Amino acid sequence: MSAAITTRPPTAPVPHAPAAGGTRKRSRTRTRLELALLLAPGLVLFTAFVLVPICVAAFYSLYSWNGFGPLTDFVGLDNYVDAFSGEVFQSAIGHNLIIVVLSIVVQLPLSIGLALLLNRRLRGRTFLRMVVFAPYVLSEAVTAVIWLLILQPGGFVDELLRGAGLGWLVRQWLADPKIVLYTLFVVITWKYIGFGVILLLAGLQGVPAELREAAALDGASGWQVTRHVVLPLLGPTIRVWIFLSVIGSLQLFDLVWIMTLGGPANASATMVSYLTDHGFKRYEFGFGSAVAVILFLICFTFALLYQRFALRRDTEGALTRAVG
Amino acid sequence: MRRNAAGYLAAIAVVGVTVVPLLFVLLGGFRTTPQINSSPAGLPSPWVWDNYRDVLTSPVFWRLLGNSALIAVIATVLAVALGSMAAFALSRYAFRGREAFYTLFTLGLLFPLGVAALPLYLWLRLLGLLENPLGVAIPEAAFSLPVTIVILRPFMHAIPAELEDAALLDGAAKLGFFWRILLPLSRPALVTVSVLAFVSSWNFYLLPLLVFNDSTNFTLPLGVAMFQSEHTQDTAKVLAFTALSMIPALAFFVLAERRMVGGLTGSVKG
Amino acid sequence: MRSVIMRSGQKISVALAAAATLLLAACSGSGGDASANGPVTLTWWHNRTTEPMKSIWQGIADDFHKTHPDVSFTIEPIQNEQFQTKVPLALQGSTPPDIFQQWGGGGLASQLSSGKIADITQASSSWIGSLGEYAKGWQVGGKQYGVPYQMHAVGFWYRKDLFAQAGVTPPSTLDELNAAVAKLKEKGLVPIAVGGKDRWPDAFYYNYFAIRQCSVDALKKAVEKTELADPCFLKAGENLKAFIDTKPFQDGFVGTPAQQGAGSSAGMLANGKAAMELQGDWNPDVMQSLTEDKDLDSKIGWFPFPSVPGGQGEPTAVLGGGDGFSCTSRAAKACAEFLGHLVGEDVQKKLAATGSGLPVIPAAVPSLKTETHKTISEHVGKAKHLQFYFDIAMPTNVGQALNDAIANFFAGQGGPDTIVASVTKAAAGNK
């Protein structure tokens, strides 16, 4: 087993394997049937309940529409022009990008470290894993309520800092426009770190212990084993995490909305809080949909580029392995 | 030995930071609201059991729990079953348009779903799924499909081709390989996506809000909101309700987590 | 992928148009006959999810059913914040609720384009006069599309104990208010709490400075034309700026919620952490829910927003709004009859006794729960002008834009001209 993996780690392309195809011929029709059987149910469900509603919502973006009457006031791309010319929307995009960058720089190393730690045979490991994952199980609304209590002026954090003689660090965590975004990032990290950890833990199950032991026997230090053996094998999982994290950061909404409503003075506005605030809260459904489509296009561009340059490596092999 | 000691230290540090807000909820349920207001960071003194007892003995809580569990189980089973089938097709077959199909599924991640609420609501009404648990569970399964596929695909892909070749040489059909070898080998990833689908269903707020008006159909997130507005003054009771409402999802995680270890290496060795 | 999209691009857009039209059309089929007689069951959405009001509404419905056996009710209490999500959806469907919560003004005007809201001008003509001016907020273009069952008014709530401690009395002019703020600060107290995170409490201040600065005519014109054209609106902003510059609010007020938790502005007042708050008549209930102090009612008092020197405004004018209901067309007749019942003396007295709002007819004022509420109600009754909150009176998009501009102003962004411009801009359809 370990031999198979070392000769061809999952990140490398799968070699062409004509032998298998040759000895046992599967007809084209049969393959197609299998594909239909495998793909159709998911595709039907997904199209009906995700794609169609999304497309209809996108269609609203071409109208000036308050959500109540029939769609009559066709305005073409006016909503898009309005969105792009808005300063608040521009700054919201900036805030999203800050969160994207911070997530990768801070959360990724933290998640990997935690996952490596929690993959060891520690006593009480299940409990530790549960604690790290627990914030992810809390709903956004409850998370916001807890952190509002903890961060309120004179609340838990302030008390703690003052108690530790760090009173000069106390800030208006959610009221200072210069700080609020970073305060939110801390809460986001707390809330979503469990997601990265559980994903990476699953990835680590694909790294055989024998491999690490072998490397250690060869005199490699713990760090070297991690750096040269474990991390490369975790590559596909890390790339999936980055993908989901970037998309998630671009769509950040619930926590921000409940904790700050995007304020003060739009200092923590994100694209989705902006579309809620300036679209739905003002009964401008067409405009809100237009912002959603813009967000979609940003995410889509990222997704295509990322798939082309990063994720492709993880599935390239299967492409070269022609069937039938 | 020394490595484990260092590991413990690091673990304790991180867990310490993570656990404090959780303890705030958990212990808050054992305090009274005046205790919480007068000292936000204090410990229960004396310990009060009434909050947890009241919630646990209220039929409303158990009904909310039952509704949430039913919906989460249906959504999870649907999402994981259909998602793993699709991921199998997208990772171990080569066919024209494969990447297009994959991209199509990822589209679901790229659009803020809240914006599609109105069309989705009208659609569910046409299908007669309002006030019906399936009206929540089925769309939730559809929402979870993209993440499920994005995570499963590279995992399934990473399973060595030699195993597939061997299985096919032994006379297994490709679907037999999927069922008997690939799925068991993908267990860590399957466990992960199940947990993610379950948790996202457990916490979903918007969809049940659209679908249910009748409070007997409510799920826990709607219940927490209802409970909060009924007990605004009673922070302690709200915290107790909150703590109890996350236990089933955490229990699901703990049960699933035990099944996660093994997978590839474990199965092959055994 | 790209080729797939291009090939089917045309098909998709055609299909989309079809789907959108189909979904809307399928859901806008008429739901029944407006003039139907015979037994009818009214679906009723109200925002009282908690006791005691939840049971009081149920009781009122049961009583009505006894005297009108043909009319029964299916009551669905829905949380206040959820109406914004649920009402647009319901009005797109073919079976909207027959009676639902309605705050009037620009929001009501937007909902009219659904074509589902019943015009009850005729049906209410025999009794609507008893409400006087109050009914106007639920009219659009001179037609009655809803009815208020209780009114609200905004003023200063204050702690009697903290005022005594600092040796101040309720101020009646802006100068007196400024002096009170200074004295409270000397004692190390927070003079005024404001829930800046939620934005609408900030708007109360601008609204009131405008009401004190502008003539009633200028106010009416502003709402009518959706434009803050009169220079008095600029002056109001300058006055507000001068007031904010005296730093009367708590630290970090732009991040403080209005009503959630003991740290909110209402919670601060309830727990003696601040001396004043500019809030609606509902504040005692909110405060009581945020403190263990059972004796709160005796510790708080109320005074109207002080007069502003040099202002053209009507000195007695009050800022407020109200809670009402609208009918949809399916069972408009029965619904209108029920709304008439709600503004009758019996029900009004019952509602007044709960202290959740001010009665819409004077006869019920004596039934109010506390002396303070009676004072407020009398003050409102005597007021020569009741100004609807600007954000409710104006179209929703304009009102929200105005509130945002005011909130930014509180956070130090923009000037009086930005506030005025926000209305013009939003009214012109700019984002």
# chains A, B, ... in the order shown; residues from 1 in each chain; ligands from 1
>>> residues_around(residues="B:Ala89", least_positions_apart="5", cutoff="8 Å", atoms="only C-alpha atoms", output="JSON list (two decimals) with C-alpha atoms, in the first residue's frame")
[["chain", "number", "residue", "atom", "x", "y", "z"],
["A", 35, "LEU", "CA", -23.24, 7.94, -16.12],
["A", 38, "LEU", "CA", -25.11, 8.29, -11.40],
["A", 39, "LEU", "CA", -25.52, 11.89, -12.46]]
>>> interface_residues(of="chain A", to="chain C", cutoff="10 Å", atoms="only C-alpha atoms", output="ChimeraX atom specification")
/A:52-53,55-60,64,66-71,78-79,81-89,145,148-149,152-155,171-177,180,259-266,277-284,287,304
>>> interface_residues(of="chain B", to="chain A", cutoff="7 Å", atoms="only C-alpha atoms", output="PDB file with C-alpha atoms, in the first residue's frame")
ATOM      1  CA  GLY B   7       1.227  18.469  21.685  1.00  0.00           C
ATOM      2  CA  VAL B  15      -8.835  24.562  23.139  1.00  0.00           C
ATOM      3  CA  THR B  18     -11.996  28.073  21.723  1.00  0.00           C
ATOM      4  CA  VAL B  19     -13.808  26.731  24.712  1.00  0.00           C
ATOM      5  CA  PRO B  40     -20.557  38.544  32.791  1.00  0.00           C
ATOM      6  CA  ALA B  41     -17.409  36.510  33.405  1.00  0.00           C
ATOM      7  CA  LEU B  82     -26.811  11.755  -4.671  1.00  0.00           C
ATOM      8  CA  GLY B  83     -23.592  13.677  -4.099  1.00  0.00           C
ATOM      9  CA  MET B  85     -22.957   9.130  -7.006  1.00  0.00           C
ATOM     10  CA  ALA B  86     -22.299  12.337  -8.899  1.00  0.00           C
ATOM     11  CA  ALA B  89     -19.137   9.856 -12.066  1.00  0.00           C
ATOM     12  CA  SER B  91     -13.969  11.582 -10.687  1.00  0.00           C
ATOM     13  CA  ARG B  92     -13.623   8.114 -12.189  1.00  0.00           C
ATOM     14  CA  TYR B  93     -15.150   8.374 -15.630  1.00  0.00           C
ATOM     15  CA  ALA B  94     -13.724  10.271 -18.533  1.00  0.00           C
ATOM     16  CA  GLY B 108     -24.526  26.588  -6.483  1.00  0.00           C
ATOM     17  CA  LEU B 110     -21.191  31.061  -6.119  1.00  0.00           C
ATOM     18  CA  PHE B 111     -24.583  32.745  -5.823  1.00  0.00           C
ATOM     19  CA  PRO B 112     -25.951  34.037  -2.511  1.00  0.00           C
ATOM     20  CA  VAL B 115     -31.423  36.161  -3.132  1.00  0.00           C
ATOM     21  CA  ALA B 116     -33.138  33.179  -4.734  1.00  0.00           C
ATOM     22  CA  PRO B 119     -38.453  32.181  -6.721  1.00  0.00           C
ATOM     23  CA  LEU B 120     -37.741  29.169  -4.524  1.00  0.00           C
ATOM     24  CA  PRO B 139     -33.954  22.041  -1.121  1.00  0.00           C
ATOM     25  CA  ALA B 142     -29.830  20.399  -3.116  1.00  0.00           C
ATOM     26  CA  PHE B 143     -27.946  23.242  -1.392  1.00  0.00           C
ATOM     27  CA  ILE B 151     -15.029  17.608  -1.303  1.00  0.00           C
ATOM     28  CA  PRO B 154     -10.579  14.691  -5.175  1.00  0.00           C
ATOM     29  CA  HIS B 157      -9.951  10.471  -7.429  1.00  0.00           C
ATOM     30  CA  ALA B 158      -7.029   9.827  -5.117  1.00  0.00           C
ATOM     31  CA  ASP B 165      -8.252  -2.306 -12.274  1.00  0.00           C
ATOM     32  CA  PRO B 188     -13.352   9.725   5.998  1.00  0.00           C
ATOM     33  CA  ALA B 189     -14.607  12.054   3.296  1.00  0.00           C
ATOM     34  CA  THR B 192     -17.002  14.725   6.654  1.00  0.00           C
ATOM     35  CA  VAL B 199     -24.921  20.751  10.509  1.00  0.00           C
ATOM     36  CA  ASN B 203     -28.749  25.581  11.460  1.00  0.00           C
ATOM     37  CA  MET B 246     -26.634  22.234  19.740  1.00  0.00           C
ATOM     38  CA  ALA B 249     -25.637  18.106  16.146  1.00  0.00           C
ATOM     39  CA  LEU B 250     -22.543  17.716  18.315  1.00  0.00           C
ATOM     40  CA  VAL B 254     -18.921  12.662  17.855  1.00  0.00           C
ATOM     41  CA  MET B 260     -13.664   8.770  10.296  1.00  0.00           C
ATOM     42  CA  VAL B 261     -10.371   7.237  11.297  1.00  0.00           C
ATOM     43  CA  GLY B 262      -9.330   4.361   9.122  1.00  0.00           C
ATOM     44  CA  GLY B 263     -10.731   4.813   5.686  1.00  0.00           C
ATOM     45  CA  LEU B 264      -8.050   4.281   3.139  1.00  0.00           C
ATOM     46  CA  THR B 265      -5.233   2.909   5.252  1.00  0.00           C
TER      47      THR B 265
END
>>> residues_around(residues="C:Ala182", least_positions_apart="4", cutoff="9 Å", atoms="only C-alpha atoms", output="JSON, numbers by chain")
{"C": [177, 178, 186, 187, 191, 246, 248]}
>>> write_last_selection(atoms="C-alpha atoms", output="compact mmCIF listing (two decimals), in the first residue's frame")
# COMPACT_ATOMS: atom_id res chain seq x y z
CA LEU C 177 -31.07 70.04 27.72
CA ASN C 178 -27.46 71.02 26.99
CA GLU C 186 -19.84 66.43 35.80
CA LYS C 187 -21.26 63.70 38.02
CA PRO C 191 -26.26 61.66 29.93
CA THR C 246 -21.42 68.28 23.01
CA PRO C 248 -23.92 63.64 25.12
>>> interface_residues(of="chain B", to="chain C", cutoff="9 Å", atoms="only C-alpha atoms", output="tab-separated table (two decimals) with C-alpha atoms, in the first residue's frame")
chain	number	residue	atom	x	y	z
B	33	THR	CA	-29.94	36.24	34.58
B	34	PRO	CA	-29.10	38.65	37.45
B	37	ASN	CA	-25.83	40.76	34.27
B	97	GLY	CA	-18.51	17.69	-20.76
B	99	GLU	CA	-15.72	19.53	-16.36
B	100	ALA	CA	-18.83	21.37	-17.50
B	101	PHE	CA	-20.99	19.22	-15.26
B	103	THR	CA	-18.62	23.53	-12.93
B	104	LEU	CA	-22.40	23.44	-13.10
B	117	ALA	CA	-35.59	32.90	-1.83
B	118	LEU	CA	-38.56	34.43	-3.65
B	119	PRO	CA	-38.45	32.18	-6.72
B	121	TYR	CA	-40.74	29.98	-2.36
B	122	LEU	CA	-43.05	30.33	-5.38
B	123	TRP	CA	-41.71	27.07	-6.76
B	125	ARG	CA	-45.77	26.57	-3.36
B	126	LEU	CA	-46.46	25.29	-6.87
B	209	LEU	CA	-38.86	30.56	7.79
B	210	LEU	CA	-40.25	30.69	4.25
B	213	ASN	CA	-46.05	29.52	9.25
B	214	ASP	CA	-47.50	26.93	11.60
B	215	SER	CA	-45.33	26.90	14.72
B	225	ALA	CA	-35.64	32.92	17.62
B	226	MET	CA	-39.14	32.38	19.03
B	229	SER	CA	-38.38	36.90	21.75
B	230	GLU	CA	-40.45	35.20	24.47
B	231	HIS	CA	-37.66	35.37	27.03
B	232	THR	CA	-35.75	38.54	26.13
B	233	GLN	CA	-35.26	39.30	29.80
B	234	ASP	CA	-34.11	35.79	30.67
B	235	THR	CA	-30.64	35.49	29.14
>>> residues_around(residues="stretch 57-61 of chain B", least_positions_apart="4", cutoff="9 Å", atoms="only C-alpha atoms", output="PyMOL selection string")
chain B and resi 52-53+65-66+216+220+223+241+245
>>> write_last_selection(atoms="C-alpha atoms", output="CSV table (one decimal), in the first residue's frame")
chain,number,residue,atom,x,y,z
B,52,TYR,CA,-32.1,23.3,31.8
B,53,ARG,CA,-34.9,21.4,33.6
B,65,LEU,CA,-35.9,18.8,18.1
B,66,GLY,CA,-37.9,16.1,16.4
B,216,THR,CA,-45.9,23.2,15.3
B,220,LEU,CA,-34.8,24.6,16.2
B,223,GLY,CA,-37.5,27.9,17.8
B,241,PHE,CA,-32.0,26.5,25.3
B,245,SER,CA,-30.2,22.8,20.9
>>> select_by_dssp(residues="stretch 179-234 of chain B", states="helix (DSSP H, G or I)", output="number ranges by chain")
B: 179-185, 187-203, 206-211, 215-217, 220-230
>>> write_last_selection(atoms="N, CA and C atoms", output="compact mmCIF listing (two decimals), in the first residue's frame")
# COMPACT_ATOMS: atom_id res chain seq x y z
N TRP B 179 -19.67 0.64 -5.20
CA TRP B 179 -20.42 0.30 -4.00
C TRP B 179 -19.55 -0.45 -2.99
N ARG B 180 -18.78 -1.43 -3.51
CA ARG B 180 -18.10 -2.32 -2.57
C ARG B 180 -16.71 -1.86 -2.18
N ILE B 181 -16.07 -1.08 -3.02
CA ILE B 181 -14.68 -0.70 -2.72
C ILE B 181 -14.52 0.81 -2.54
N LEU B 182 -15.01 1.56 -3.50
CA LEU B 182 -14.75 3.00 -3.44
C LEU B 182 -15.44 3.68 -2.26
N LEU B 183 -16.71 3.37 -2.05
CA LEU B 183 -17.43 4.01 -0.95
C LEU B 183 -16.79 3.70 0.41
N PRO B 184 -16.51 2.41 0.69
CA PRO B 184 -15.85 2.14 1.97
C PRO B 184 -14.51 2.85 2.10
N LEU B 185 -13.77 2.93 1.00
CA LEU B 185 -12.47 3.59 1.07
C LEU B 185 -12.60 5.10 1.25
N ARG B 187 -14.54 6.55 3.22
CA ARG B 187 -15.27 6.80 4.45
C ARG B 187 -14.91 8.12 5.15
N PRO B 188 -13.62 8.46 5.30
CA PRO B 188 -13.35 9.73 6.00
C PRO B 188 -14.04 10.92 5.32
N ALA B 189 -13.99 10.93 4.00
CA ALA B 189 -14.61 12.05 3.30
C ALA B 189 -16.13 11.99 3.38
N LEU B 190 -16.68 10.77 3.31
CA LEU B 190 -18.13 10.64 3.42
C LEU B 190 -18.61 11.10 4.78
N VAL B 191 -17.85 10.72 5.81
CA VAL B 191 -18.21 11.17 7.16
C VAL B 191 -18.18 12.69 7.22
N THR B 192 -17.13 13.26 6.64
CA THR B 192 -17.00 14.73 6.65
C THR B 192 -18.19 15.39 5.98
N VAL B 193 -18.53 14.96 4.78
CA VAL B 193 -19.63 15.64 4.09
C VAL B 193 -20.96 15.39 4.79
N SER B 194 -21.11 14.21 5.41
CA SER B 194 -22.36 13.97 6.16
C SER B 194 -22.47 14.96 7.30
N VAL B 195 -21.37 15.13 8.03
CA VAL B 195 -21.39 16.06 9.16
C VAL B 195 -21.72 17.47 8.66
N LEU B 196 -21.08 17.87 7.57
CA LEU B 196 -21.31 19.23 7.06
C LEU B 196 -22.76 19.41 6.61
N ALA B 197 -23.30 18.40 5.90
CA ALA B 197 -24.68 18.51 5.44
C ALA B 197 -25.63 18.54 6.62
N PHE B 198 -25.36 17.70 7.62
CA PHE B 198 -26.23 17.64 8.79
C PHE B 198 -26.23 18.98 9.52
N VAL B 199 -25.03 19.51 9.75
CA VAL B 199 -24.92 20.75 10.51
C VAL B 199 -25.57 21.91 9.75
N SER B 200 -25.37 21.95 8.43
CA SER B 200 -25.95 23.10 7.72
C SER B 200 -27.47 23.00 7.72
N SER B 201 -28.00 21.78 7.64
CA SER B 201 -29.45 21.65 7.75
C SER B 201 -29.91 22.04 9.16
N TRP B 202 -29.15 21.59 10.14
CA TRP B 202 -29.51 21.86 11.54
C TRP B 202 -29.64 23.36 11.81
N ASN B 203 -28.78 24.15 11.17
CA ASN B 203 -28.75 25.58 11.46
C ASN B 203 -29.49 26.43 10.44
N LEU B 206 -33.35 30.49 6.98
CA LEU B 206 -34.19 31.17 5.99
C LEU B 206 -35.26 30.23 5.40
N LEU B 207 -34.84 29.01 5.04
CA LEU B 207 -35.76 28.12 4.34
C LEU B 207 -36.95 27.72 5.20
N PRO B 208 -36.71 27.22 6.43
CA PRO B 208 -37.87 26.93 7.28
C PRO B 208 -38.73 28.17 7.53
N LEU B 209 -38.09 29.33 7.58
CA LEU B 209 -38.86 30.56 7.79
C LEU B 209 -39.84 30.79 6.64
N LEU B 210 -39.38 30.50 5.40
CA LEU B 210 -40.25 30.69 4.25
C LEU B 210 -41.35 29.64 4.22
N VAL B 211 -40.98 28.40 4.54
CA VAL B 211 -41.89 27.29 4.30
C VAL B 211 -42.93 27.14 5.41
N SER B 215 -46.46 27.08 13.80
CA SER B 215 -45.33 26.90 14.72
C SER B 215 -45.14 25.44 15.13
N THR B 216 -46.12 24.57 14.90
CA THR B 216 -45.88 23.16 15.25
C THR B 216 -44.91 22.50 14.28
N ASN B 217 -44.67 23.14 13.13
CA ASN B 217 -43.71 22.59 12.17
C ASN B 217 -42.31 23.16 12.34
N LEU B 220 -35.47 23.94 15.08
CA LEU B 220 -34.81 24.57 16.23
C LEU B 220 -34.37 26.02 16.00
N PRO B 221 -33.75 26.35 14.86
CA PRO B 221 -33.35 27.76 14.69
C PRO B 221 -34.53 28.72 14.79
N LEU B 222 -35.69 28.35 14.20
CA LEU B 222 -36.87 29.19 14.35
C LEU B 222 -37.30 29.20 15.81
N GLY B 223 -37.17 28.03 16.44
CA GLY B 223 -37.54 27.91 17.85
C GLY B 223 -36.68 28.80 18.73
N VAL B 224 -35.37 28.82 18.43
CA VAL B 224 -34.48 29.67 19.23
C VAL B 224 -34.89 31.13 19.08
N ALA B 225 -35.21 31.53 17.86
CA ALA B 225 -35.64 32.92 17.62
C ALA B 225 -36.93 33.21 18.39
N MET B 226 -37.86 32.23 18.32
CA MET B 226 -39.14 32.38 19.03
C MET B 226 -38.88 32.48 20.53
N PHE B 227 -38.02 31.57 21.01
CA PHE B 227 -37.72 31.51 22.43
C PHE B 227 -37.06 32.80 22.89
N GLN B 228 -36.15 33.33 22.05
CA GLN B 228 -35.47 34.58 22.40
C GLN B 228 -36.47 35.72 22.55
N SER B 229 -37.46 35.78 21.66
CA SER B 229 -38.38 36.90 21.75
C SER B 229 -39.35 36.70 22.92
N GLU B 230 -39.58 35.44 23.32
CA GLU B 230 -40.45 35.20 24.47
C GLU B 230 -39.73 35.46 25.79
>>> select_by_dssp(residues="stretch 294-417 of chain C", states="strand (DSSP E or B)", output="tab-separated table (two decimals) with N, CA and C atoms, in the first residue's frame")
chain	number	residue	atom	x	y	z
C	300	ILE	N	-38.68	55.89	36.26
C	300	ILE	CA	-38.50	56.55	34.97
C	300	ILE	C	-39.62	57.56	34.70
C	301	GLY	N	-39.25	58.61	34.00
C	301	GLY	CA	-40.22	59.62	33.62
C	301	GLY	C	-40.08	59.94	32.14
C	302	TRP	N	-40.94	60.84	31.67
C	302	TRP	CA	-40.96	61.15	30.23
C	302	TRP	C	-41.11	62.65	30.04
C	303	PHE	N	-40.40	63.21	29.07
C	303	PHE	CA	-40.66	64.60	28.68
C	303	PHE	C	-40.53	64.73	27.17
C	307	SER	N	-37.89	72.39	22.92
C	307	SER	CA	-38.00	73.36	21.81
C	307	SER	C	-36.60	73.83	21.42
C	318	VAL	N	-45.38	66.27	17.46
C	318	VAL	CA	-44.83	65.03	18.01
C	318	VAL	C	-44.42	64.10	16.87
C	319	LEU	N	-43.30	63.39	17.10
C	319	LEU	CA	-42.87	62.37	16.13
C	319	LEU	C	-43.47	61.04	16.56
C	320	GLY	N	-44.00	60.30	15.59
C	320	GLY	CA	-44.59	59.01	15.96
C	320	GLY	C	-44.98	58.19	14.76
C	321	GLY	N	-45.82	57.21	15.04
C	321	GLY	CA	-46.29	56.30	14.00
C	321	GLY	C	-47.35	55.43	14.63
C	322	GLY	N	-47.57	54.27	14.08
C	322	GLY	CA	-48.58	53.42	14.68
C	322	GLY	C	-48.55	52.01	14.14
C	323	ASP	N	-49.30	51.12	14.81
C	323	ASP	CA	-49.46	49.74	14.37
C	323	ASP	C	-50.86	49.57	13.82
C	324	GLY	N	-50.97	48.95	12.67
C	324	GLY	CA	-52.28	48.76	12.09
C	324	GLY	C	-52.37	47.44	11.35
C	325	PHE	N	-53.47	47.26	10.67
C	325	PHE	CA	-53.65	46.06	9.84
C	325	PHE	C	-54.18	46.47	8.48
C	326	SER	N	-53.83	45.68	7.46
C	326	SER	CA	-54.43	45.82	6.15
C	326	SER	C	-55.23	44.58	5.84
C	327	CYS	N	-56.17	44.71	4.91
C	327	CYS	CA	-56.94	43.56	4.44
C	327	CYS	C	-56.50	43.22	3.02
C	328	THR	N	-56.53	41.95	2.68
C	328	THR	CA	-56.36	41.60	1.27
C	328	THR	C	-57.74	41.33	0.69
C	358	LEU	N	-50.57	53.60	22.35
C	358	LEU	CA	-51.55	54.62	22.71
C	358	LEU	C	-52.84	54.37	21.94
C	359	PRO	N	-54.00	54.52	22.59
C	359	PRO	CA	-55.27	54.25	21.90
C	359	PRO	C	-55.51	55.22	20.75
C	386	LEU	N	-48.95	65.60	14.12
C	386	LEU	CA	-48.28	64.34	14.39
C	386	LEU	C	-47.46	64.00	13.16
C	387	GLN	N	-46.14	64.07	13.31
C	387	GLN	CA	-45.28	63.78	12.16
C	387	GLN	C	-44.91	62.30	12.16
C	388	PHE	N	-45.30	61.59	11.07
C	388	PHE	CA	-44.89	60.20	10.91
C	388	PHE	C	-43.37	60.14	10.79
>>> residues_around(residues="A:Ile99", least_positions_apart="5", cutoff="12 Å", atoms="only C-alpha atoms", output="tab-separated table (two decimals) with N, CA and C atoms, in the first residue's frame")
chain	number	residue	atom	x	y	z
A	92	ALA	N	-17.24	47.67	0.06
A	92	ALA	CA	-17.65	46.34	0.50
A	92	ALA	C	-16.80	45.27	-0.18
A	93	ILE	N	-16.53	45.45	-1.50
A	93	ILE	CA	-15.67	44.49	-2.20
A	93	ILE	C	-14.31	44.44	-1.52
A	94	GLY	N	-13.79	45.64	-1.18
A	94	GLY	CA	-12.50	45.71	-0.49
A	94	GLY	C	-12.52	44.92	0.82
A	104	ILE	N	-6.77	33.10	4.37
A	104	ILE	CA	-5.75	32.20	3.87
A	104	ILE	C	-4.47	32.33	4.70
A	105	VAL	N	-4.13	33.54	5.06
A	105	VAL	CA	-2.88	33.75	5.79
A	105	VAL	C	-2.97	33.26	7.23
A	106	VAL	N	-4.12	33.45	7.86
A	106	VAL	CA	-4.24	33.10	9.28
A	106	VAL	C	-4.90	31.74	9.49
A	107	GLN	N	-6.07	31.54	8.83
A	107	GLN	CA	-6.83	30.34	9.14
A	107	GLN	C	-6.21	29.08	8.60
A	181	LEU	N	-13.77	45.44	11.42
A	181	LEU	CA	-13.62	44.36	10.45
A	181	LEU	C	-12.71	43.25	11.01
A	182	TYR	N	-11.67	43.68	11.74
A	182	TYR	CA	-10.73	42.70	12.28
A	182	TYR	C	-11.33	41.97	13.49
A	183	THR	N	-12.15	42.69	14.24
A	183	THR	CA	-12.88	42.02	15.32
A	183	THR	C	-13.76	40.92	14.73
A	184	LEU	N	-14.45	41.27	13.67
A	184	LEU	CA	-15.32	40.28	13.03
A	184	LEU	C	-14.51	39.10	12.52
A	185	PHE	N	-13.31	39.38	12.02
A	185	PHE	CA	-12.49	38.29	11.50
A	185	PHE	C	-12.15	37.29	12.61
A	186	VAL	N	-11.89	37.80	13.81
A	186	VAL	CA	-11.61	36.89	14.93
A	186	VAL	C	-12.80	35.98	15.18
A	187	VAL	N	-13.99	36.57	15.19
A	187	VAL	CA	-15.20	35.78	15.43
A	187	VAL	C	-15.39	34.76	14.30
A	188	ILE	N	-15.15	35.20	13.07
A	188	ILE	CA	-15.29	34.30	11.92
A	188	ILE	C	-14.33	33.12	12.05
A	189	THR	N	-13.10	33.43	12.45
A	189	THR	CA	-12.10	32.38	12.60
A	189	THR	C	-12.55	31.38	13.66
A	245	SER	N	-13.02	28.29	1.16
A	245	SER	CA	-12.81	29.42	2.06
A	245	SER	C	-12.93	30.75	1.31
A	246	VAL	N	-12.33	30.81	0.14
A	246	VAL	CA	-12.41	32.06	-0.64
A	246	VAL	C	-13.87	32.35	-1.01
A	247	ILE	N	-14.56	31.32	-1.51
A	247	ILE	CA	-15.97	31.51	-1.87
A	247	ILE	C	-16.77	31.94	-0.63
A	248	GLY	N	-16.50	31.26	0.49
A	248	GLY	CA	-17.21	31.59	1.73
A	248	GLY	C	-16.92	33.02	2.17
A	249	SER	N	-15.67	33.45	2.05
A	249	SER	CA	-15.32	34.81	2.46
A	249	SER	C	-15.99	35.84	1.57
A	250	LEU	N	-16.10	35.52	0.29
A	250	LEU	CA	-16.75	36.46	-0.62
A	250	LEU	C	-18.24	36.57	-0.34
A	251	GLN	N	-18.81	35.49	0.23
A	251	GLN	CA	-20.25	35.49	0.47
A	251	GLN	C	-20.59	35.79	1.92
A	252	LEU	N	-19.61	36.19	2.69
A	252	LEU	CA	-19.81	36.42	4.12
A	252	LEU	C	-21.01	37.31	4.38
A	253	PHE	N	-21.90	36.84	5.28
A	253	PHE	CA	-23.08	37.66	5.54
A	253	PHE	C	-23.62	37.57	6.98
A	256	VAL	N	-21.91	39.06	10.11
A	256	VAL	CA	-21.76	40.50	9.96
A	256	VAL	C	-23.10	41.19	10.17
A	268	SER	N	-17.93	47.76	8.06
A	268	SER	CA	-17.84	46.30	7.97
A	268	SER	C	-18.81	45.75	6.94
A	269	ALA	N	-19.22	46.59	6.00
A	269	ALA	CA	-20.15	46.13	4.97
A	269	ALA	C	-19.46	45.11	4.07
A	270	THR	N	-20.15	44.01	3.78
A	270	THR	CA	-19.66	43.06	2.79
A	270	THR	C	-20.61	43.11	1.59
A	271	MET	N	-20.25	42.39	0.52
A	271	MET	CA	-21.10	42.47	-0.66
A	271	MET	C	-22.52	42.01	-0.35
>>> residues_around(residues="B:Trp47", least_positions_apart="6", cutoff="10 Å", atoms="only C-alpha atoms", output="PyMOL selection string")
chain B and resi 27-32
